[in-house]
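K.L.:
Here you go, this is start.cif (mmCIF, C-alpha atoms).
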data_protein
#
loop_
_atom_site.label_atom_id
_atom_site.label_comp_id
_atom_site.auth_asym_id
_atom_site.auth_seq_id
_atom_site.Cartn_x
_atom_site.Cartn_y
_atom_site.Cartn_z
CA MET A 7 0.00 0.00 0.00
CA ARG A 8 1.28 3.45 -0.90
CA TYR A 9 0.94 6.28 1.61
CA PHE A 10 0.55 9.99 0.93
CA ASP A 11 3.85 11.89 1.27
CA ASN A 12 3.56 15.65 1.66
CA SER A 13 7.30 16.22 1.19
CA PRO A 14 8.70 16.86 -2.32
CA GLN A 15 10.72 14.21 -4.07
CA ILE A 16 14.37 15.11 -4.81
CA VAL A 17 15.27 14.22 -8.40
CA GLY A 18 18.43 14.27 -10.50
CA PRO A 19 18.73 14.65 -14.28
CA ASN A 20 18.58 10.87 -14.88
CA ASP A 21 15.92 10.06 -12.28
CA THR A 22 12.23 9.36 -12.78
CA PHE A 23 9.36 10.99 -10.94
CA ASP A 24 7.15 9.16 -8.49
CA ASP A 25 3.44 9.00 -9.20
CA PRO A 26 2.27 12.50 -8.14
CA ILE A 27 -1.04 11.09 -6.94
CA TYR A 28 0.73 10.42 -3.62
CA ARG A 29 2.26 13.89 -3.38
CA ALA A 30 1.06 17.34 -2.32
CA LYS A 31 -1.60 19.11 -4.41
CA HIS A 32 -0.77 22.72 -3.62
CA THR A 33 3.01 22.66 -3.16
CA PRO A 34 5.82 21.21 -5.33
CA VAL A 35 5.78 17.45 -5.81
CA ALA A 36 9.50 17.45 -6.60
CA LEU A 37 12.66 19.55 -6.50
CA SER A 38 15.81 19.40 -8.61
CA LYS A 39 19.10 21.24 -8.93
CA THR A 40 19.57 20.34 -12.58
CA LEU A 41 17.42 19.83 -15.67
CA SER A 42 17.47 17.43 -18.61
CA VAL A 43 15.35 16.45 -21.58
CA LYS A 44 14.82 13.03 -19.97
CA LEU A 45 13.52 14.63 -16.79
CA PHE A 46 11.11 16.89 -18.71
CA LEU A 47 9.64 14.06 -20.79
CA ASP A 48 9.19 11.86 -17.74
CA ALA A 49 7.53 14.73 -15.85
CA TYR A 50 4.97 15.56 -18.54
CA SER A 51 4.19 11.86 -19.08
CA LYS A 52 3.15 11.70 -15.41
CA GLY A 53 1.16 14.93 -15.20
CA ILE A 54 3.97 17.01 -13.71
CA PHE A 55 5.31 20.30 -15.05
CA PRO A 56 8.19 22.65 -14.14
CA TRP A 57 7.48 26.00 -12.56
CA ASP A 58 9.28 28.63 -10.50
CA LYS A 59 12.98 28.43 -9.83
CA VAL A 60 13.66 29.27 -6.19
CA GLY A 61 17.31 30.21 -5.71
CA ASN A 62 19.15 27.41 -7.48
CA ILE A 63 16.31 24.91 -7.04
CA PHE A 64 13.82 24.03 -9.80
CA THR A 65 10.31 23.18 -8.63
CA TRP A 66 7.97 20.61 -10.19
CA TRP A 67 4.19 20.68 -9.75
CA SER A 68 1.07 18.57 -10.20
CA PRO A 69 -1.73 20.79 -8.85
CA CYS A 70 -5.34 20.07 -8.11
CA PRO A 71 -7.60 20.98 -9.76
CA ARG A 72 -6.13 20.77 -13.26
CA ALA A 73 -7.25 23.02 -16.13
CA ILE A 74 -7.88 21.31 -19.46
CA LEU A 75 -9.61 22.06 -22.75
CA ASN A 76 -11.04 19.86 -25.45
CA PRO A 77 -9.89 21.77 -28.56
CA LYS A 78 -13.37 21.42 -30.05
CA ASP A 79 -14.76 23.37 -27.08
CA PHE A 80 -12.68 26.53 -27.54
CA HIS A 81 -15.16 29.38 -27.15
CA VAL A 82 -14.99 31.86 -30.02
CA SER A 83 -16.92 34.89 -28.77
CA ARG A 84 -18.87 37.18 -31.08
CA SER A 85 -16.32 39.94 -30.51
CA LEU A 86 -13.44 37.60 -31.41
CA LYS A 87 -15.23 36.46 -34.58
CA LYS A 88 -15.68 40.11 -35.54
CA TRP A 89 -12.00 40.83 -34.85
CA ILE A 90 -10.98 37.91 -37.08
CA ARG A 91 -13.21 39.18 -39.91
CA THR A 92 -11.91 42.73 -39.74
CA HIS A 93 -8.17 42.23 -39.19
CA GLN A 94 -5.35 40.94 -41.35
CA PHE A 95 -2.93 38.49 -39.76
CA ASP A 96 -0.86 35.41 -40.56
CA VAL A 97 -0.40 32.17 -38.62
CA THR A 98 2.82 30.17 -38.69
CA ILE A 99 3.97 27.06 -36.84
CA ASP A 100 7.46 26.42 -35.46
CA SER A 101 8.84 29.29 -37.54
CA CYS A 102 10.56 31.04 -34.61
CA PHE A 103 10.22 28.87 -31.52
CA GLU A 104 13.04 30.55 -29.64
CA LYS A 105 11.61 34.00 -30.26
CA VAL A 106 8.20 32.92 -28.93
CA ILE A 107 9.63 31.47 -25.75
CA GLN A 108 11.79 34.55 -25.23
CA GLN A 109 8.70 36.74 -25.54
CA CYS A 110 6.82 34.51 -23.10
CA ALA A 111 9.75 34.85 -20.68
CA ALA A 112 10.00 38.64 -21.00
CA THR A 113 8.95 40.69 -17.99
CA THR A 114 6.51 43.59 -18.33
CA LEU A 115 4.87 46.14 -16.07
CA LYS A 116 1.88 43.81 -15.72
CA ARG A 117 4.14 40.77 -15.31
CA PRO A 118 7.27 41.85 -13.41
CA GLN A 119 8.43 38.27 -12.80
CA THR A 120 8.76 35.16 -14.96
CA TRP A 121 9.22 31.48 -14.17
CA ILE A 122 10.86 30.81 -17.55
CA SER A 123 14.54 30.97 -16.63
CA PRO A 124 17.41 30.57 -19.14
CA GLU A 125 17.86 26.97 -17.96
CA TYR A 126 14.24 26.16 -18.82
CA ILE A 127 14.60 27.85 -22.20
CA ASN A 128 17.64 25.73 -23.00
CA VAL A 129 15.77 22.46 -22.38
CA TYR A 130 12.68 23.60 -24.30
CA LYS A 131 14.91 24.47 -27.27
CA GLN A 132 16.32 20.94 -27.17
CA LEU A 133 12.80 19.50 -27.01
CA HIS A 134 11.85 21.63 -30.00
CA LYS A 135 14.77 20.28 -32.03
CA LEU A 136 13.65 16.76 -31.14
CA GLY A 137 10.09 17.47 -32.36
CA TYR A 138 8.34 17.48 -28.99
CA ALA A 139 7.98 21.21 -28.33
CA HIS A 140 6.07 23.44 -30.75
CA SER A 141 5.07 27.05 -31.15
CA VAL A 142 2.24 28.83 -32.94
CA GLU A 143 2.96 32.39 -34.06
CA ILE A 144 0.61 35.25 -34.96
CA TRP A 145 1.90 37.99 -37.24
CA ILE A 146 0.32 41.40 -37.76
CA ASP A 147 1.91 43.89 -40.16
CA ASN A 148 4.89 41.52 -40.51
CA LYS A 149 5.59 41.70 -36.78
CA LEU A 150 5.32 38.91 -34.23
CA ALA A 151 2.19 39.92 -32.31
CA GLY A 152 1.47 36.84 -30.24
CA GLY A 153 2.27 33.19 -29.73
CA ILE A 154 1.97 30.07 -27.63
CA PHE A 155 4.31 27.15 -26.99
CA GLY A 156 4.20 23.75 -25.31
CA LEU A 157 4.80 20.03 -25.75
CA ALA A 158 2.86 17.53 -27.84
CA LEU A 159 2.88 14.03 -26.38
CA ALA A 160 0.52 11.62 -28.17
CA SER A 161 -3.06 12.88 -27.59
CA ILE A 162 -2.19 15.67 -25.11
CA PHE A 163 -0.67 19.08 -25.80
CA HIS A 164 0.86 20.51 -22.65
CA GLY A 165 0.54 24.27 -23.03
CA GLU A 166 3.26 26.17 -21.22
CA SER A 167 2.91 29.87 -21.90
CA MET A 168 1.60 32.43 -24.37
CA PHE A 169 2.11 36.12 -24.98
CA SER A 170 0.37 38.97 -26.76
CA GLU A 171 1.73 42.23 -28.11
CA SER A 172 -1.55 43.11 -29.79
CA SER A 173 -5.20 42.82 -28.86
CA ASN A 174 -6.49 39.23 -29.23
CA ALA A 175 -3.20 37.89 -30.59
CA SER A 176 -2.76 35.28 -27.84
CA LYS A 177 -6.40 34.19 -28.25
CA ILE A 178 -5.83 33.72 -31.98
CA ALA A 179 -2.68 31.72 -31.20
CA MET A 180 -4.60 29.46 -28.84
CA LEU A 181 -7.49 29.11 -31.30
CA SER A 182 -5.05 28.19 -34.07
CA LEU A 183 -3.40 25.64 -31.79
CA CYS A 184 -6.81 24.09 -31.09
CA GLU A 185 -7.55 23.84 -34.82
CA ILE A 186 -4.17 22.15 -35.34
CA MET A 187 -4.82 19.76 -32.47
CA ILE A 188 -8.13 18.68 -34.01
CA VAL A 189 -6.39 17.85 -37.30
CA LYS A 190 -3.64 15.93 -35.52
CA GLN A 191 -6.16 14.14 -33.26
CA ILE A 192 -4.70 15.64 -30.08
CA HIS A 193 -7.73 15.56 -27.82
CA THR A 194 -6.66 17.48 -24.71
CA LEU A 195 -4.99 20.83 -24.16
CA ASP A 196 -3.38 20.85 -20.71
CA CYS A 197 -3.70 24.43 -19.45
CA GLN A 198 -2.33 23.52 -16.00
CA LEU A 199 -3.81 26.23 -13.76
CA MET A 200 -7.29 27.70 -14.08
CA HIS A 201 -7.98 31.43 -14.13
CA SER A 202 -10.83 33.60 -15.35
CA HIS A 203 -9.31 34.35 -18.78
CA LEU A 204 -8.97 30.64 -19.57
CA ALA A 205 -12.47 29.94 -18.27
CA SER A 206 -13.85 32.50 -20.73
CA LEU A 207 -12.25 30.49 -23.55
CA GLY A 208 -13.93 27.24 -22.54
CA VAL A 209 -11.28 25.72 -20.27
CA LYS A 210 -12.62 23.41 -17.54
CA SER A 211 -11.26 22.18 -14.20
CA ILE A 212 -10.96 18.50 -13.33
CA GLU A 213 -9.64 16.68 -10.28
CA ARG A 214 -5.96 15.79 -10.34
CA GLU A 215 -6.80 12.08 -10.04
CA CYS A 216 -8.76 12.30 -13.31
CA PHE A 217 -5.94 14.08 -15.08
CA ILE A 218 -3.35 11.56 -13.85
CA GLN A 219 -5.49 8.73 -15.23
CA LEU A 220 -5.68 10.62 -18.52
CA VAL A 221 -1.89 10.95 -18.83
CA LYS A 222 -1.39 7.31 -17.82
CA LEU A 223 -3.65 6.21 -20.65
CA ASN A 224 -1.93 8.68 -22.97
CA SER A 225 1.52 7.25 -22.15
CA LYS A 226 0.42 3.88 -23.57
CA LEU A 227 -0.30 5.33 -27.01
CA GLN A 228 2.18 5.00 -29.83
CA PHE A 229 3.68 8.38 -30.61
CA THR A 230 6.48 9.77 -32.77
CA ALA A 231 7.84 13.27 -32.16
CA GLU A 232 7.85 15.29 -35.37
CA LYS A 233 8.13 18.75 -36.78
CA TRP A 234 4.86 20.44 -37.64
CA ASP A 235 4.28 21.88 -41.10
CA ILE A 236 1.71 24.66 -41.59
CA SER A 237 0.83 23.32 -45.05
CA GLU A 238 -0.77 20.26 -43.39
CA PHE A 239 -3.58 22.28 -41.87
CA GLU A 240 -6.70 24.01 -43.11
CA LEU A 241 -7.53 26.50 -40.37
CA GLU A 242 -11.19 27.54 -40.28
CA PHE A 243 -10.86 30.76 -38.30
CA SER A 244 -7.16 31.54 -38.64
CA ARG A 245 -5.45 32.71 -41.75
CA LYS A 246 -2.23 30.86 -42.38
CA SER A 247 0.85 32.19 -44.11
CA SER A 248 1.91 30.37 -47.26
CA GLY A 249 5.52 30.97 -46.33
CA SER A 250 7.73 29.33 -43.73
CA GLY A 251 7.38 32.22 -41.33
CA LYS A 252 8.75 35.68 -40.71
CA ILE A 253 11.72 36.45 -38.52
#
I'd like the structure from this file rewritten - as structure tokens, please.
P.N.:
Amino acid sequence: MRYFDNSPQIVGPNDTFDDPIYRAKHTPVALSKTLSVKLFLDAYSKGIFPWDKVGNIFTWWSPCPRAILNPKDFHVSRSLKKWIRTHQFDVTIDSCFEKVIQQCAATTLKRPQTWISPEYINVYKQLHKLGYAHSVEIWIDNKLAGGIFGLALASIFHGESMFSESSNASKIAMLSLCEIMIVKQIHTLDCQLMHSHLASLGVKSIERECFIQLVKLNSKLQFTAEKWDISEFELEFSRKSSGSGKI
């Protein structure tokens, strides 16, 4: 019989995470001093994600409740539909992953702190090269106006962060991601933590136990990491660029 352990697990770069179902819901389930691609893939496959770095310690979380979205349930409001009809923009995929993650990591007056440290960025860049991590970019007037990035593992896309430099740009990025997920038969967008903005887009909360069961089933599916090509997708709401992207 396994017993609940409220203390975080200490992991190294070649370790594996314990089942988070037996760990704390509102504090880190694990701590590490180093990062690795292996550690990241094992974490996501068990419903765990990296978050704040405290001093020289990286924290790993599996909160309850968990925020998720069926991509078919993304709520396109009347105002967003109108914005899409009346504005010119382009959508690209994986055209400038590093630039998107740098923008997500940038601090602003409204967001004076960021959890995305240079060490995290380095691992995500490696995951991108391996075909696990992806970005969706929104361009307005040939400028990067918004984007979102995360990891695709079988039928779950683990969304990590998004940014917007223009009104509605991050919503369009998320909508485009949902359209891509539908085509690629990725059935769940892991949004991690619920807040009012996500709720307005159709995101729902589920118990951690339900999410852990979901990722356990997902880990049994056959899956090959691959680069995404914008030409594969017909996006209903989003307008896609015919080029490879703008830098």
K.L.:
Determine the residue set returned by the PyMOL selection byres ((chain A and resi 207-224) around 7) for the present structure, and present it as a ChimeraX atom specification.
P.N.:
/A:27,51-53,69-75,79-81,160-161,200,203-206,225-227
K.L.:
For this file, the PyMOL selection byres ((chain A and resi 36) around 6) selects which residues, as a list of chain:residue names?
P.N.:
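Taken over the shown coordinates, the PyMOL selection byres ((chain A and resi 36) around 6) returns A:Pro14, A:Gln15, A:Ile16, A:Pro34, A:Val35, A:Leu37, A:Trp66.
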K.L.:
Run through the PyMOL selection byres ((chain A and resi 181) around 12) on the given coordinates and return the selected residues as a tab-separated table (two decimals) with C-alpha atoms, keeping the file's coordinate frame.
P.N.:
chain	number	residue	atom	x	y	z
A	75	LEU	CA	-9.61	22.06	-22.75
A	76	ASN	CA	-11.04	19.86	-25.45
A	77	PRO	CA	-9.89	21.77	-28.56
A	78	LYS	CA	-13.37	21.42	-30.05
A	79	ASP	CA	-14.76	23.37	-27.08
A	80	PHE	CA	-12.68	26.53	-27.54
A	81	HIS	CA	-15.16	29.38	-27.15
A	82	VAL	CA	-14.99	31.86	-30.02
A	83	SER	CA	-16.92	34.89	-28.77
A	86	LEU	CA	-13.44	37.60	-31.41
A	87	LYS	CA	-15.23	36.46	-34.58
A	90	ILE	CA	-10.98	37.91	-37.08
A	97	VAL	CA	-0.40	32.17	-38.62
A	142	VAL	CA	2.24	28.83	-32.94
A	143	GLU	CA	2.96	32.39	-34.06
A	144	ILE	CA	0.61	35.25	-34.96
A	152	GLY	CA	1.47	36.84	-30.24
A	153	GLY	CA	2.27	33.19	-29.73
A	154	ILE	CA	1.97	30.07	-27.63
A	168	MET	CA	1.60	32.43	-24.37
A	174	ASN	CA	-6.49	39.23	-29.23
A	175	ALA	CA	-3.20	37.89	-30.59
A	176	SER	CA	-2.76	35.28	-27.84
A	177	LYS	CA	-6.40	34.19	-28.25
A	178	ILE	CA	-5.83	33.72	-31.98
A	179	ALA	CA	-2.68	31.72	-31.20
A	180	MET	CA	-4.60	29.46	-28.84
A	182	SER	CA	-5.05	28.19	-34.07
A	183	LEU	CA	-3.40	25.64	-31.79
A	184	CYS	CA	-6.81	24.09	-31.09
A	185	GLU	CA	-7.55	23.84	-34.82
A	186	ILE	CA	-4.17	22.15	-35.34
A	187	MET	CA	-4.82	19.76	-32.47
A	188	ILE	CA	-8.13	18.68	-34.01
A	195	LEU	CA	-4.99	20.83	-24.16
A	204	LEU	CA	-8.97	30.64	-19.57
A	207	LEU	CA	-12.25	30.49	-23.55
A	208	GLY	CA	-13.93	27.24	-22.54
A	241	LEU	CA	-7.53	26.50	-40.37
A	242	GLU	CA	-11.19	27.54	-40.28
A	243	PHE	CA	-10.86	30.76	-38.30
A	244	SER	CA	-7.16	31.54	-38.64
A	245	ARG	CA	-5.45	32.71	-41.75
K.L.:
As an exercise, work out the distance from atom CA of A:Arg29 to atom CA of A:Thr65 in Å and give it to one decimal place.
P.N.:
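Distance reported for this atom pair: 13.4 Å.
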K.L.:
Name the closest residue to A:Arg117 among the candidates A:Phe169, A:Gly156, A:Thr33, A:His140; distances are taken between atoms, counting only C-alpha atoms.
P.N.:
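Between A:Phe169, A:Gly156, A:Thr33, A:His140, the residue approaching A:Arg117 most closely is A:Phe169.
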K.L.:
Taking into account all atoms listed in the file, which residue in the set A:Ser173, A:Ser237, A:Thr98, A:Ser123 is nearest to A:Phe64?
P.N.:
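Between A:Ser173, A:Ser237, A:Thr98, A:Ser123, the residue approaching A:Phe64 most closely is A:Ser123.
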K.L.:
Taking into account all atoms listed in the file, which residue in the set A:Ala231, A:Ala49, A:Leu41, A:Ala111 is nearest to A:Thr22?
P.N.:
A:Ala49
K.L.:
So what do you get for atom CA of A:Asp48 versus atom CA of A:Leu199, distance-wise?
P.N.:
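Interatomic distance here is 19.8 Å.
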K.L.:
When distances are computed from only C-alpha atoms, which of A:Phe55, A:Ser68, A:Asn12, A:His134 shows the smallest separation from A:Gly165?
P.N.:
A:Phe55
K.L.:
Given only C-alpha atoms as the basis, pick out the residue of A:Asp24, A:Asp58, A:Asp196, A:Glu238 nearest to A:Gln119.
P.N.:
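Among A:Asp24, A:Asp58, A:Asp196, A:Glu238, it is A:Asp58 that comes nearest to A:Gln119.
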K.L.:
So how many Å separate atom CA of A:Ser172 and atom CA of A:Ala151, to one decimal?
P.N.:
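Going from atom CA of A:Ser172 over to atom CA of A:Ala151 covers 5.5 Å.
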K.L.:
Find the residues near stretch 125-127 of chain A: any atom within 9 Å, counting all atoms listed in the file, skip ones fewer than 5 places away on the same chain, and give them as JSON, numbers by chain.
P.N.:
{"A": [40, 41, 56, 104, 107, 108, 111, 132]}
K.L.:
Let me make sure I understand: among A:Asn20, A:Asn148, A:Gln228, A:Ser167, which one has the smallest atom-to-atom distance to A:Asp96 if we use all atoms listed in the file?
P.N.:
A:Asn148
